[in-house]
Each structure stands twice: as C-alpha cells, then as structure tokens.
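Data from my_file-v1.cif: mmCIF, C-alpha atoms
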data_query
loop_
_atom_site.label_atom_id
_atom_site.label_comp_id
_atom_site.auth_asym_id
_atom_site.auth_seq_id
_atom_site.Cartn_x
_atom_site.Cartn_y
_atom_site.Cartn_z
CA MET A 1 0.00 0.00 0.00
CA ALA A 2 1.43 3.37 -1.03
CA ASN A 3 2.17 6.22 1.35
CA ILE A 4 -0.10 9.21 0.79
CA THR A 5 0.57 12.77 1.97
CA LYS A 6 -2.56 14.84 2.59
CA ASP A 7 -2.71 18.61 2.84
CA LEU A 8 -5.23 19.79 5.46
CA PHE A 9 -6.04 23.15 7.01
CA VAL A 10 -6.54 23.77 10.71
CA PHE A 11 -8.91 26.56 11.71
CA ALA A 12 -9.19 28.14 15.17
CA ASN A 13 -12.29 29.85 16.53
CA LEU A 14 -11.32 33.28 17.86
CA ASP A 15 -13.92 35.59 19.41
CA GLY A 16 -16.76 33.66 17.86
CA GLU A 17 -15.46 33.15 14.31
CA PHE A 18 -13.22 30.62 12.58
CA VAL A 19 -9.95 31.83 11.07
CA PRO A 20 -7.21 29.78 9.35
CA ALA A 21 -4.52 28.84 11.89
CA GLY A 22 -2.16 26.83 9.71
CA GLN A 23 -1.44 23.96 7.35
CA LEU A 24 -1.28 20.34 8.51
CA LEU A 25 0.49 17.70 6.42
CA VAL A 26 -0.20 14.05 7.26
CA ASP A 27 1.60 11.03 5.85
CA GLU A 28 -0.59 7.92 5.86
CA GLU A 29 -0.45 4.34 4.68
CA GLY A 30 -3.97 2.98 4.63
CA SER A 31 -5.42 3.54 8.09
CA THR A 32 -1.99 4.03 9.66
CA LEU A 33 -0.77 7.55 10.43
CA LEU A 34 2.98 7.61 9.81
CA ALA A 35 3.91 11.22 10.46
CA SER A 36 2.61 14.78 10.44
CA SER A 37 3.91 18.34 10.39
CA PHE A 38 2.34 21.76 10.89
CA ALA A 39 3.11 25.36 9.96
CA TYR A 40 1.26 28.29 11.52
CA GLY A 41 -0.10 30.85 9.08
CA LEU A 42 1.77 34.19 9.15
CA ARG A 43 -1.47 36.17 9.47
CA TYR A 44 -2.53 33.96 12.36
CA LEU A 45 0.74 34.60 14.20
CA ASP A 46 0.16 38.34 13.80
CA ARG A 47 -3.21 38.17 15.57
CA GLY A 48 -3.24 39.49 19.11
CA ASN A 49 -5.93 36.98 20.09
CA ALA A 50 -4.27 33.89 18.56
CA GLN A 51 -4.40 30.78 20.77
CA GLU A 52 -1.78 28.07 20.58
CA ILE A 53 -2.82 24.62 19.40
CA ASP A 54 -0.82 22.98 22.16
CA PRO A 55 1.88 24.20 24.56
CA LEU A 56 4.58 21.76 23.50
CA ASN A 57 5.82 21.90 19.91
CA LEU A 58 3.04 24.29 18.86
CA SER A 59 3.57 26.91 21.57
CA LEU A 60 3.14 30.59 20.68
CA LYS A 61 5.44 31.88 23.42
CA ASN A 62 8.10 32.78 20.84
CA LYS A 63 6.25 33.54 17.61
CA GLU A 64 9.32 34.74 15.74
CA ALA A 65 11.14 31.45 16.35
CA ILE A 66 8.39 29.46 14.60
CA ARG A 67 7.51 32.00 11.91
CA GLY A 68 7.60 30.31 8.51
CA LYS A 69 8.78 27.02 10.01
CA ARG A 70 7.28 23.57 9.62
CA LEU A 71 7.00 21.96 13.06
CA VAL A 72 6.88 18.28 14.01
CA PRO A 73 5.31 16.50 17.01
CA PRO A 74 7.36 15.93 20.19
CA ASN A 75 8.92 12.62 21.27
CA ASN A 76 8.77 11.14 17.75
CA LEU A 77 4.97 10.93 17.95
CA GLU A 78 3.00 10.68 14.71
CA ALA A 79 0.53 13.41 15.68
CA PHE A 80 0.42 16.70 17.55
CA GLY A 81 -1.52 16.24 20.78
CA GLY A 82 -3.51 19.45 20.37
CA ILE A 83 -4.75 18.30 16.96
CA ARG A 84 -5.25 14.68 18.03
CA ASP A 85 -7.53 15.99 20.82
CA ALA A 86 -9.70 17.63 18.15
CA ALA A 87 -10.30 14.23 16.49
CA PRO A 88 -13.41 12.23 17.43
CA ASP A 89 -13.17 9.77 20.31
CA ALA A 90 -14.09 6.07 20.15
CA TRP A 91 -17.81 6.88 20.03
CA GLY A 92 -17.41 9.53 17.32
CA ARG A 93 -15.33 7.16 15.21
CA ARG A 94 -18.02 4.52 15.52
CA VAL A 95 -20.64 6.98 14.27
CA ILE A 96 -18.47 7.98 11.29
CA GLU A 97 -17.88 4.32 10.44
CA ALA A 98 -21.60 3.58 10.67
CA ARG A 99 -22.44 6.40 8.27
CA LEU A 100 -19.69 5.46 5.80
CA LYS A 101 -20.50 1.73 6.23
CA VAL A 102 -16.89 0.68 6.88
CA PRO A 103 -15.29 -1.65 9.48
CA ALA A 104 -14.06 -0.37 12.84
CA ASN A 105 -10.80 1.63 12.80
CA SER A 106 -10.43 1.16 9.04
CA LEU A 107 -10.27 4.82 8.01
CA PRO A 108 -7.20 7.08 7.76
CA GLU A 109 -6.77 9.50 10.66
CA SER A 110 -7.24 12.38 8.21
CA THR A 111 -10.77 11.15 7.47
CA TYR A 112 -11.70 11.05 11.17
CA LEU A 113 -10.27 14.56 11.60
CA LEU A 114 -12.22 15.92 8.64
CA GLU A 115 -15.49 14.16 9.46
CA ALA A 116 -15.68 15.45 13.05
CA GLY A 117 -17.33 18.70 11.87
CA SER A 118 -17.10 22.27 13.11
CA ASP A 119 -18.87 21.82 16.47
CA ARG A 120 -16.29 19.39 17.86
CA VAL A 121 -14.90 19.73 21.39
CA GLY A 122 -12.54 22.68 21.73
CA ALA A 123 -11.94 25.55 19.35
CA LEU A 124 -10.41 23.84 16.29
CA ASP A 125 -11.78 22.66 12.98
CA VAL A 126 -9.96 20.70 10.29
CA ARG A 127 -10.89 21.24 6.64
CA LEU A 128 -9.79 20.18 3.17
CA SER A 129 -9.37 23.71 1.88
CA LEU A 130 -9.19 27.31 3.04
CA ASP A 131 -12.53 28.13 1.42
CA GLN A 132 -14.48 25.17 2.80
CA GLU A 133 -17.52 26.37 4.75
CA GLU A 134 -18.13 25.83 8.45
CA ARG A 135 -20.13 22.65 9.13
CA PRO A 136 -22.22 23.21 12.27
CA ALA A 137 -24.40 20.35 13.51
CA HIS A 138 -26.50 20.39 16.64
CA GLU A 139 -30.04 19.65 17.75
CA SER A 140 -32.58 21.11 20.14
CA ILE A 141 -32.81 19.65 23.62
CA HIS A 142 -36.46 18.92 22.77
CA ASN A 143 -35.37 16.25 20.26
CA LEU A 144 -33.49 14.04 22.74
CA SER A 145 -35.71 11.01 22.06
CA TYR A 146 -34.91 11.20 18.33
CA ILE A 147 -31.15 11.49 19.04
CA LEU A 148 -31.27 8.69 21.63
CA GLU A 149 -32.95 6.43 19.07
CA GLY A 150 -30.15 7.23 16.61
CA ALA A 151 -27.48 6.44 19.21
CA GLN A 152 -29.13 3.08 19.89
CA LYS A 153 -29.07 2.33 16.14
CA VAL A 154 -25.34 3.09 15.94
CA GLU A 155 -24.67 0.83 18.92
CA ALA A 156 -26.70 -1.93 17.27
CA GLY A 157 -24.74 -1.57 14.03
CA LEU A 158 -27.70 -0.15 12.09
CA PRO A 159 -27.40 2.68 9.54
CA VAL A 160 -28.31 6.27 10.41
CA SER A 161 -28.83 9.35 8.25
CA GLU A 162 -25.98 11.75 7.50
CA ALA A 163 -27.74 14.58 9.37
CA LEU A 164 -28.21 12.45 12.48
CA SER A 165 -24.68 11.06 12.34
CA ARG A 166 -23.25 14.58 12.31
CA ILE A 167 -25.24 15.41 15.45
CA LEU A 168 -24.04 12.23 17.17
CA ILE A 169 -20.39 12.94 16.32
CA VAL A 170 -20.57 16.46 17.75
CA GLY A 171 -19.03 16.74 21.17
CA SER A 172 -17.28 13.41 21.01
CA GLY A 173 -13.71 13.82 22.12
CA LEU A 174 -11.18 13.21 24.89
CA GLY A 175 -11.52 9.46 24.91
CA GLY A 176 -15.12 8.57 25.66
CA MET A 177 -16.65 5.34 24.38
CA ARG A 178 -20.24 5.91 25.49
CA PRO A 179 -23.03 7.24 23.22
CA LYS A 180 -23.42 11.00 23.33
CA ALA A 181 -24.39 14.09 21.35
CA SER A 182 -24.41 17.87 21.75
CA VAL A 183 -27.74 19.68 22.03
CA ARG A 184 -28.79 23.28 22.58
CA ASP A 185 -31.31 24.43 25.16
CA ASP A 186 -33.90 27.18 24.72
CA GLU A 187 -31.27 29.84 25.42
CA ASN A 188 -28.97 28.35 22.74
CA ILE A 189 -26.53 27.09 25.41
CA LEU A 190 -24.67 23.92 24.41
CA TRP A 191 -24.90 20.73 26.50
CA MET A 192 -23.44 17.27 26.13
CA ALA A 193 -26.14 14.61 26.28
CA LYS A 194 -24.77 11.29 27.57
CA PHE A 195 -27.13 8.42 26.78
CA PRO A 196 -27.65 4.98 28.29
CA GLY A 197 -25.91 2.21 26.34
CA ASN A 198 -27.67 -0.79 24.83
CA ASN A 199 -25.54 -3.07 27.00
CA ASP A 200 -25.93 -1.29 30.33
CA ARG A 201 -28.20 -4.08 31.58
CA LEU A 202 -29.08 -3.41 35.23
CA LEU A 203 -27.23 -0.14 35.86
CA ASP A 204 -28.74 3.25 35.03
CA VAL A 205 -25.35 4.70 34.06
CA PRO A 206 -26.51 8.30 33.36
CA SER A 207 -28.19 8.56 36.79
CA ILE A 208 -25.23 7.06 38.64
CA GLU A 209 -22.72 9.30 36.87
CA TYR A 210 -24.96 12.29 37.62
CA GLY A 211 -25.09 11.34 41.30
CA THR A 212 -21.33 10.85 41.45
CA LEU A 213 -20.58 14.19 39.79
CA LYS A 214 -22.95 15.94 42.19
CA LEU A 215 -21.22 14.15 45.07
CA ALA A 216 -17.84 15.41 43.80
CA GLU A 217 -19.26 18.93 43.69
CA LEU A 218 -20.41 18.62 47.33
CA ALA A 219 -16.89 17.44 48.20
CA GLY A 220 -15.54 20.76 46.94
CA LEU A 221 -14.31 19.69 43.51
CA ASN A 222 -14.66 21.90 40.42
CA VAL A 223 -17.33 20.03 38.45
CA ALA A 224 -19.05 20.80 35.17
CA LYS A 225 -22.71 21.79 35.55
CA THR A 226 -24.98 18.76 35.20
CA LYS A 227 -28.66 17.81 35.14
CA LEU A 228 -30.77 14.74 34.39
CA GLU A 229 -33.44 14.60 31.70
CA GLN A 230 -36.16 11.96 31.47
CA VAL A 231 -36.52 10.72 27.88
CA GLY A 232 -39.29 8.12 27.68
CA LYS A 233 -38.23 5.33 30.01
CA ASN A 234 -34.59 6.46 29.98
CA LYS A 235 -32.52 8.99 31.90
CA VAL A 236 -30.06 11.15 29.96
CA LEU A 237 -27.18 12.93 31.69
CA MET A 238 -26.73 16.52 30.53
CA VAL A 239 -23.29 18.09 31.04
CA LYS A 240 -22.90 21.76 30.19
CA ARG A 241 -20.11 22.18 27.64
CA PHE A 242 -17.22 23.74 29.60
CA ASP A 243 -15.34 24.41 26.35
CA ARG A 244 -17.88 27.13 25.60
CA SER A 245 -18.68 30.40 27.33
CA TRP A 246 -21.19 33.03 26.38
CA LYS A 247 -21.07 36.82 26.47
CA THR A 248 -23.76 39.33 25.59
CA SER A 249 -23.08 42.44 23.57
CA THR A 250 -25.81 43.29 21.07
CA ARG A 251 -26.43 39.51 20.90
CA LEU A 252 -25.37 36.34 22.67
CA VAL A 253 -21.89 35.42 21.41
CA GLU A 254 -20.53 31.92 21.92
CA ILE A 255 -16.83 31.84 22.78
CA ARG A 256 -14.99 28.58 22.16
CA HIS A 257 -12.10 27.51 24.36
CA HIS A 258 -9.45 25.22 22.99
CA VAL A 259 -9.12 21.95 24.92
CA VAL A 260 -6.16 19.61 25.26
CA SER A 261 -5.90 16.41 27.27
CA ALA A 262 -3.31 15.38 29.84
CA LEU A 263 -2.14 12.95 27.16
CA THR A 264 -1.05 16.00 25.16
CA LEU A 265 0.70 17.76 28.05
CA ILE A 266 2.64 14.61 28.95
CA ALA A 267 3.44 14.08 25.23
CA CYS A 268 2.92 10.36 25.03
CA HIS A 269 1.01 7.88 22.89
CA GLU A 270 -2.39 6.62 24.04
CA SER A 271 -0.92 3.13 24.51
CA GLU A 272 1.44 4.60 27.13
CA SER A 273 -1.31 6.13 29.28
CA ASN A 274 -1.31 3.30 31.81
CA THR A 275 2.43 3.75 32.42
CA LYS A 276 1.88 7.33 33.66
CA SER A 277 0.79 8.76 37.00
CA TYR A 278 -1.09 11.63 38.62
CA MET A 279 2.33 13.01 39.53
CA ASP A 280 3.17 13.21 35.82
CA ILE A 281 0.04 15.33 35.32
CA ALA A 282 1.03 17.54 38.28
CA ASP A 283 4.48 18.06 36.75
CA ALA A 284 2.89 18.97 33.40
CA ILE A 285 0.63 21.51 35.13
CA ARG A 286 3.71 23.20 36.62
CA ARG A 287 5.42 23.21 33.24
CA TYR A 288 2.62 24.39 30.96
CA CYS A 289 -0.26 25.96 32.90
CA LEU A 290 -0.80 29.51 34.10
CA VAL A 291 1.62 30.24 36.94
CA GLN A 292 -1.02 31.95 39.06
CA ASN A 293 -3.27 28.86 38.93
CA VAL A 294 -0.68 26.09 39.33
CA LYS A 295 -1.09 25.69 43.09
CA SER A 296 -4.91 25.48 42.96
CA ASP A 297 -4.86 23.22 39.87
CA VAL A 298 -2.43 20.75 41.49
CA GLU A 299 -4.46 20.69 44.72
CA GLU A 300 -7.62 20.09 42.70
CA LEU A 301 -5.92 17.22 40.89
CA TYR A 302 -4.93 15.65 44.21
CA ALA A 303 -8.51 15.96 45.51
CA ARG A 304 -9.83 14.30 42.34
CA MET A 305 -7.38 11.44 42.83
CA ILE A 306 -8.60 10.96 46.42
CA PHE A 307 -12.24 11.10 45.29
CA ASN A 308 -11.56 8.48 42.60
CA LEU A 309 -10.18 6.11 45.26
CA PHE A 310 -13.32 6.39 47.37
CA VAL A 311 -15.73 5.82 44.46
CA SER A 312 -13.63 3.28 42.51
CA ASN A 313 -13.45 5.41 39.38
CA ASP A 314 -10.65 3.40 37.75
CA ASP A 315 -11.22 4.79 34.25
CA ASP A 316 -9.05 7.80 35.13
CA HIS A 317 -6.90 7.68 31.98
CA LEU A 318 -5.06 10.68 30.56
CA ARG A 319 -7.85 11.68 28.18
CA ASN A 320 -10.21 12.04 31.13
CA HIS A 321 -8.13 14.95 32.44
CA ALA A 322 -8.46 18.06 30.28
CA PHE A 323 -7.08 21.59 30.13
CA LEU A 324 -8.76 24.75 28.81
CA TRP A 325 -7.26 27.77 27.08
CA ASN A 326 -8.01 31.00 28.95
CA HIS A 327 -8.45 33.80 26.39
CA GLU A 328 -7.97 36.67 28.85
CA LEU A 329 -4.87 35.31 30.58
CA LYS A 330 -3.56 33.53 27.47
CA GLY A 331 -2.71 30.26 29.13
CA TRP A 332 -3.88 26.80 30.16
CA GLY A 333 -5.74 25.63 33.24
CA LEU A 334 -7.35 22.43 34.52
CA SER A 335 -10.87 21.96 33.18
CA PRO A 336 -13.88 21.15 35.36
CA LEU A 337 -14.37 17.48 36.23
CA TYR A 338 -16.58 15.86 33.61
CA ASP A 339 -16.26 12.06 33.43
CA VAL A 340 -16.55 10.00 36.64
CA MET A 341 -18.18 6.59 36.79
CA PRO A 342 -17.90 4.28 39.82
CA HIS A 343 -16.91 0.70 39.05
CA PRO A 344 -18.53 -1.89 41.34
CA VAL A 345 -16.15 -4.81 41.85
CA ILE A 346 -15.86 -7.51 44.49
CA ALA A 347 -12.07 -7.41 44.89
CA SER A 348 -10.88 -5.78 48.11
CA GLU A 349 -7.56 -4.78 46.51
CA ARG A 350 -8.20 -2.34 43.70
CA TYR A 351 -6.09 -0.37 41.25
CA GLN A 352 -6.36 2.88 39.31
CA HIS A 353 -5.46 3.31 35.63
CA LEU A 354 -2.82 5.89 36.58
CA GLY A 355 -0.12 5.54 39.21
CA ILE A 356 -0.89 7.33 42.48
CA GLY A 357 2.13 6.74 44.72
CA PRO A 358 5.15 4.60 45.65
CA GLN A 359 2.95 1.48 45.50
CA GLY A 360 2.05 2.23 41.90
CA LYS A 361 -1.65 2.05 41.02
CA LEU A 362 -2.76 0.49 44.35
CA ALA A 363 -5.95 2.33 45.31
CA THR A 364 -5.30 3.17 48.96
CA ILE A 365 -5.21 6.44 50.87
CA ASP A 366 -1.77 5.53 52.26
CA ASN A 367 -0.37 5.23 48.73
CA ALA A 368 -1.83 8.61 47.75
CA TYR A 369 -0.77 10.25 51.03
CA ALA A 370 2.83 9.13 50.53
CA THR A 371 3.11 11.27 47.40
CA LYS A 372 1.58 14.49 48.80
CA GLU A 373 4.90 16.37 48.49
CA ARG A 374 4.85 15.84 44.71
CA PHE A 375 1.62 17.86 44.78
CA GLY A 376 3.22 20.56 46.93
CA LEU A 377 1.04 19.64 49.91
CA SER A 378 1.93 19.64 53.59
CA SER A 379 0.61 16.93 55.91
CA ASP A 380 -2.08 19.31 57.15
CA GLN A 381 -3.19 20.16 53.61
CA ALA A 382 -3.33 16.51 52.51
CA ASN A 383 -5.21 15.59 55.71
CA SER A 384 -7.69 18.37 55.09
CA ILE A 385 -8.38 17.26 51.49
CA ILE A 386 -8.82 13.59 52.45
CA ASP A 387 -11.08 14.53 55.38
CA ARG A 388 -13.14 16.92 53.24
CA VAL A 389 -13.77 14.31 50.54
CA TRP A 390 -14.49 11.51 53.01
CA ARG A 391 -17.01 13.57 55.00
CA VAL A 392 -19.15 13.78 51.86
CA VAL A 393 -18.53 10.37 50.27
CA ARG A 394 -19.33 8.48 53.48
CA GLN A 395 -22.91 9.78 53.16
CA TRP A 396 -23.21 8.88 49.49
CA LYS A 397 -26.36 6.79 49.92
CA MET A 398 -28.20 9.66 51.61
CA TYR A 399 -27.14 12.06 48.86
CA PHE A 400 -28.05 9.63 46.08
CA GLU A 401 -31.54 9.30 47.58
CA GLU A 402 -31.79 13.11 47.64
CA PHE A 403 -30.78 13.17 43.97
CA GLY A 404 -33.72 10.87 43.20
CA ILE A 405 -31.68 7.76 42.42
CA SER A 406 -33.68 4.60 43.06
CA SER A 407 -32.86 2.10 45.82
CA ASP A 408 -32.14 -0.70 43.35
CA GLN A 409 -29.59 1.50 41.56
CA ILE A 410 -28.00 2.45 44.88
CA GLU A 411 -27.75 -1.22 45.75
CA GLY A 412 -26.35 -2.06 42.30
CA ILE A 413 -23.50 0.43 42.56
CA SER A 414 -22.79 0.05 46.30
CA ARG A 415 -19.71 -2.16 45.86
CA ALA A 416 -17.96 0.75 44.14
CA PHE A 417 -18.07 3.03 47.17
CA ARG A 418 -15.39 2.29 49.71
CA HIS A 419 -15.23 2.92 53.45
CA ILE A 420 -12.13 4.72 54.63
CA ASP A 421 -11.36 1.86 57.04
CA ASP A 422 -10.91 -0.44 54.04
CA ILE A 423 -8.42 1.72 52.16
CA CYS A 424 -6.54 3.52 54.92
CA SER A 425 -4.23 2.16 57.62
CA PRO A 426 -5.27 2.74 61.27
CA THR A 427 -2.17 4.88 61.88
CA LEU A 428 -2.87 7.23 58.97
CA LEU A 429 -6.59 7.29 59.73
CA LYS A 430 -5.87 8.44 63.29
CA ALA A 431 -3.52 11.14 62.02
CA ILE A 432 -6.09 12.40 59.51
CA ALA A 433 -8.75 12.55 62.23
CA LYS A 434 -6.40 14.63 64.42
CA GLY A 435 -4.88 16.62 61.57
CA GLN A 436 -1.41 15.33 62.34
CA THR A 437 1.51 13.68 60.56
CA PRO A 438 1.44 9.88 61.08
CA ASP A 439 4.30 8.32 63.06
#

Show how you would write the structure in this file as structure tokens.
Amino acid sequence: MANITKDLFVFANLDGEFVPAGQLLVDEEGSTLLASSFAYGLRYLDRGNAQEIDPLNLSLKNKEAIRGKRLVPPNNLEAFGGIRDAAPDAWGRRVIEARLKVPANSLPESTYLLEAGSDRVGALDVRLSLDQEERPAHESIHNLSYILEGAQKVEAGLPVSEALSRILIVGSGLGGMRPKASVRDDENILWMAKFPGNNDRLLDVPSIEYGTLKLAELAGLNVAKTKLEQVGKNKVLMVKRFDRSWKTSTRLVEIRHHVVSALTLIACHESESNTKSYMDIADAIRRYCLVQNVKSDVEELYARMIFNLFVSNDDDHLRNHAFLWNHELKGWGLSPLYDVMPHPVIASERYQHLGIGPQGKLATIDNAYATKERFGLSSDQANSIIDRVWRVVRQWKMYFEEFGISSDQIEGISRAFRHIDDICSPTLLKAIAKGQTPD
C-alpha cells in the first residue's frame, strides 16, 4: 500500500469566528498515520488573540522562532496532541464508520479529523481547503428522544442518516466510548447529552454518573454543571459544555475555548497512558499551565485522585483529564471534572489506571498520602483534602436518595463506594482525624 501525503487546514475559533490557523500535512499508509507536520499561518501569528494549538511543539510563546517554520510532534509521535484531541473519540469514530459503512478503525486518521465537523470539542476545525464552509451540527434539547434512538441504532450496528450522524459525532472527544451528542437548550446554550448504552443491563449509568458528579461537587471539587433529563423510560445525563462560554453584547456570542488532554501535556502515545501517574500530570501543570493557577490546579488534581479512590473510578486515563485555554490570561488551566463513573467490583484490593504513589496504582489512601509532596502539599493540607472528601462520600447513599436515584440503583453500585477503614491504615486514619503527621 502506497504512502499518501494529505494537505489539510486547521482553523481556530477566535472571538466567535473561525480563522485559518495553519497547514497540517499528514503522511498515511492505509489507516496508519505515519507522520505529520504543521506550519502556523503568518497572518494567524500576527493576531493578538491567537491561541496556541498545544503548549509543547506548537507553543506561541516565541512567535518569531516558529515563523515560517514547519514543526513536528514531540517525542517522535506521529501526531500533535492538540490536533489529536480535536479528532473524534471512540464513540465519534463509531458513528463515522456507521455512516460510511466501513469496518471499525479502518479509516485514515485524516478522514476522522475531517469528518468530526465544526462543532467538535474545543476551538479547532480541520478542513480540506481554506474556502471550505463551516459545518455546524446540533439539535434542540427537545429532540433528545430522536437522538437517543439514533445512538441506539449506531450501537446496534444499524445505519443512520448523515444529518443524524453529524449530530451524534458532535461533542465526542477526549476518549469517551459511550453514546453521546451535543444539544442546545432554549437559550442556545450547548450541552453534552450522555445516553444509556444498549448493554448497560441493570445499571442506570446516566443517573449514577450524575449522582457521582454531584457528590464530587459537594466534596468541593470543580465540576461541570450537570442535570438529568427523562426521555421516555430512559434517563439522559446533561453536562454543560465547559469548552464554551457566552457573552452578551448586542447579541449572545458563543466563545470557544481550545481543549487539550493530559495525554497532550505529557506528550505520550495513548498506549502509554497506563504507564503514567497523577504526579506526571502535576508536573505537566507546573510546566505548561498559568503560573497563578498552578497551586490550585495541582491541589484540585490531588482531591480528584482521592475522590476516585473512594468511588472506585478506575477509568481515570489521561484523556479524562483536560485543560482549557483562557483567552484573557492567554494560558492553560485544569478543566472542570466531567467524566466520573464508579466501578462496582468484588475485589478488596483495587487499582487505578494511573499511578498514584510509591505502590504504583494500588488504590489506597496511604499510597496517595505518601506522594503528597509531589503535589506541593503539607501533611495538614493533605489531611484536610482527604477529610473533606471523606465527610461527603461516606454519606453517598443519603445524597443519592436526595438526587432521586432509586434504591435498586443504589444497591447495584454500592460495591464501588469504599469505606475509609478499608483503604486507609489505622495509623494514617488516626492522624487524619487529628490533623497530624502519622508516626
């Protein structure tokens, strides 16, 4: 099979409109991406409001150094992380494949990039030419039953219309495999609708994820705004799109914020995600995020790690940690929490996807506590975070009942939620209770 080089154009949405950001060249052999390179457009570099595509090899900190130069991805990777994050996730790819009637993972990466449309996560679009029109695709929140039916068809391997497939692709990104779509409410605000899967069986996944995200919010974490919608017999989780903000001048203007994953900041391949740790993410925050927010972002990351231990959210891979571009401060910061699903298992010894301490992925408070210094935390600060999270999570059943989650669902997910006595040594537990350093 011959190597093919494709010439694509990356657009960035600045102050509510798309402008050309640069030229992307991709070398492909069949469905395999071999290499890519990128050159920023000179006009784009001259813009005062230009946002960088990612802070590694596509940083805009020294515009003159990259002016007129063709750049390549870091660490001998085939793709730039900031552009890879604008490609559809596993669900979006499945929708594209269903519409084009092709086998799974059989398309070139350039096709997935092009087919994701203009309403994808973040602020980028990828097009075949500079004069190709914007391709918006979204639906009203009032049509959730129609979109849910389409998602069920895709999961079942049945064909869907082009218009519906474009709606189902929208918003897919950052590594999710579950069916979803983006919809607009009556005020034109964009939400991610996360649907039940055909194979969910006994668990009402949207309701449980909703309850867990609300629990995280009560525990003091920065969580995306959520709500539950009843669609026929099903619940649909609605997550407000944190990669959008809205300002009113003479009309409501939608501002798009570029998004990159922790996978991009750590500059590794997806297959390497499970060799990385929360400490690697903390180091990347110090290296690439806004200086004034580093301390709060790293503390937030630590609190999320502790929360994940208590609720057995072991799908904490690098694409489930995202960073947003701040237009005013011109820099990156940790996004709100957006993807947390407890995993009910029988095993008493459990493990995270990412490493959390000197005992690797072992999901215990002691393991996480031992690495507090890597997060810049004192014993008192780590104690306070653990105590704060536990005070909420220990009452999870009461909160889930308040959120309207049924008793059978609470029972079905109960094995996921862990008591502190089961994941924390008596010595450390006593120290946390007293706010001291353990002996």

What does the distance between CA of Leu301 in chain A and CA of Glu272 in chain A come to in Å, to one decimal place? 20.1 Å

Pick from A:Leu329, A:Leu213, A:Leu190, A:Leu148 nearest to Gln292 in chain A, counting only C-alpha atoms: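 Residue with the minimum atom-to-atom distance to Gln292 in chain A: A:Leu329.
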
Kindly assemble as JSON lines a list of the range 148-218 of chain A residues that lie within 9 Å of range 376-399 of chain A, each paired with its nearest atom pair and their distance in Å to one decimal, using only C-alpha atoms, sorted first by chain and then by ascending residue number.
{"residue": "A:Gly211", "atom": "CA", "partner": "A:Tyr399", "partner_atom": "CA", "distance": 7.9}
{"residue": "A:Thr212", "atom": "CA", "partner": "A:Trp396", "partner_atom": "CA", "distance": 8.5}
{"residue": "A:Lys214", "atom": "CA", "partner": "A:Tyr399", "partner_atom": "CA", "distance": 8.8}
{"residue": "A:Leu215", "atom": "CA", "partner": "A:Val393", "partner_atom": "CA", "distance": 7.0}
{"residue": "A:Ala216", "atom": "CA", "partner": "A:Val389", "partner_atom": "CA", "distance": 8.0}
{"residue": "A:Leu218", "atom": "CA", "partner": "A:Val392", "partner_atom": "CA", "distance": 6.7}

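Proximity to Ala156 in chain A was assessed for A:Gln359, A:Asn188, A:Asn320, A:Asn198 counting all atoms listed in the file; the smallest distance is recorded for A:Asn198.
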
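Once range 241-257 of chain A and its same-chain neighbours fewer than 2 positions away are set aside, Asp15, Gly16, Gly122, Ala123, Leu190, Trp191 and Trp325 of chain A remain within 6 Å of it when counting only C-alpha atoms.
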
Selected by the PyMOL selection byres ((chain A and resi 229) around 10) in the shown coordinates: which residues, as a PDB file with C-alpha atoms, keeping the file's coordinate frame?
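Saved the output as part-v4.pdb:
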ATOM      1  CA  ILE A 141     -32.810  19.650  23.620  1.00  0.00           C
ATOM      2  CA  LEU A 144     -33.490  14.040  22.740  1.00  0.00           C
ATOM      3  CA  ALA A 193     -26.140  14.610  26.280  1.00  0.00           C
ATOM      4  CA  PRO A 206     -26.510   8.300  33.360  1.00  0.00           C
ATOM      5  CA  SER A 207     -28.190   8.560  36.790  1.00  0.00           C
ATOM      6  CA  LYS A 227     -28.660  17.810  35.140  1.00  0.00           C
ATOM      7  CA  LEU A 228     -30.770  14.740  34.390  1.00  0.00           C
ATOM      8  CA  GLN A 230     -36.160  11.960  31.470  1.00  0.00           C
ATOM      9  CA  VAL A 231     -36.520  10.720  27.880  1.00  0.00           C
ATOM     10  CA  GLY A 232     -39.290   8.120  27.680  1.00  0.00           C
ATOM     11  CA  ASN A 234     -34.590   6.460  29.980  1.00  0.00           C
ATOM     12  CA  LYS A 235     -32.520   8.990  31.900  1.00  0.00           C
ATOM     13  CA  VAL A 236     -30.060  11.150  29.960  1.00  0.00           C
ATOM     14  CA  LEU A 237     -27.180  12.930  31.690  1.00  0.00           C
ATOM     15  CA  MET A 238     -26.730  16.520  30.530  1.00  0.00           C
TER      16      MET A 238
END

Find the residues around Ser414 in chain A up to 10 Å (all atoms listed in the file counted), leave out those fewer than 6 positions away in its own chain, and share them as JSON, numbers by chain. {"A": [311, 342, 343, 344, 345, 396, 397, 408]}

Please produce an output containing C-alpha atoms for each residue in the selection, written as a PDB file, in the coordinates of the input.
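Below is the file that was written, out-v2.pdb:
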ATOM      1  CA  VAL A 311     -15.730   5.820  44.460  1.00  0.00           C
ATOM      2  CA  PRO A 342     -17.900   4.280  39.820  1.00  0.00           C
ATOM      3  CA  HIS A 343     -16.910   0.700  39.050  1.00  0.00           C
ATOM      4  CA  PRO A 344     -18.530  -1.890  41.340  1.00  0.00           C
ATOM      5  CA  VAL A 345     -16.150  -4.810  41.850  1.00  0.00           C
ATOM      6  CA  TRP A 396     -23.210   8.880  49.490  1.00  0.00           C
ATOM      7  CA  LYS A 397     -26.360   6.790  49.920  1.00  0.00           C
ATOM      8  CA  ASP A 408     -32.140  -0.700  43.350  1.00  0.00           C
TER       9      ASP A 408
END

Just give me the residues with any atom within 12 Å of (-27.5, -3.8, 35.5), file coordinates, counting all atoms listed in the file, written as a PyMOL selection string. chain A and resi 196-205+208+344+408-413

Pick from A:Val291, A:Leu56, A:Leu428, A:Leu124 nearest to Val19 in chain A, counting all atoms listed in the file: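 The closest residue to Val19 in chain A is A:Leu124.
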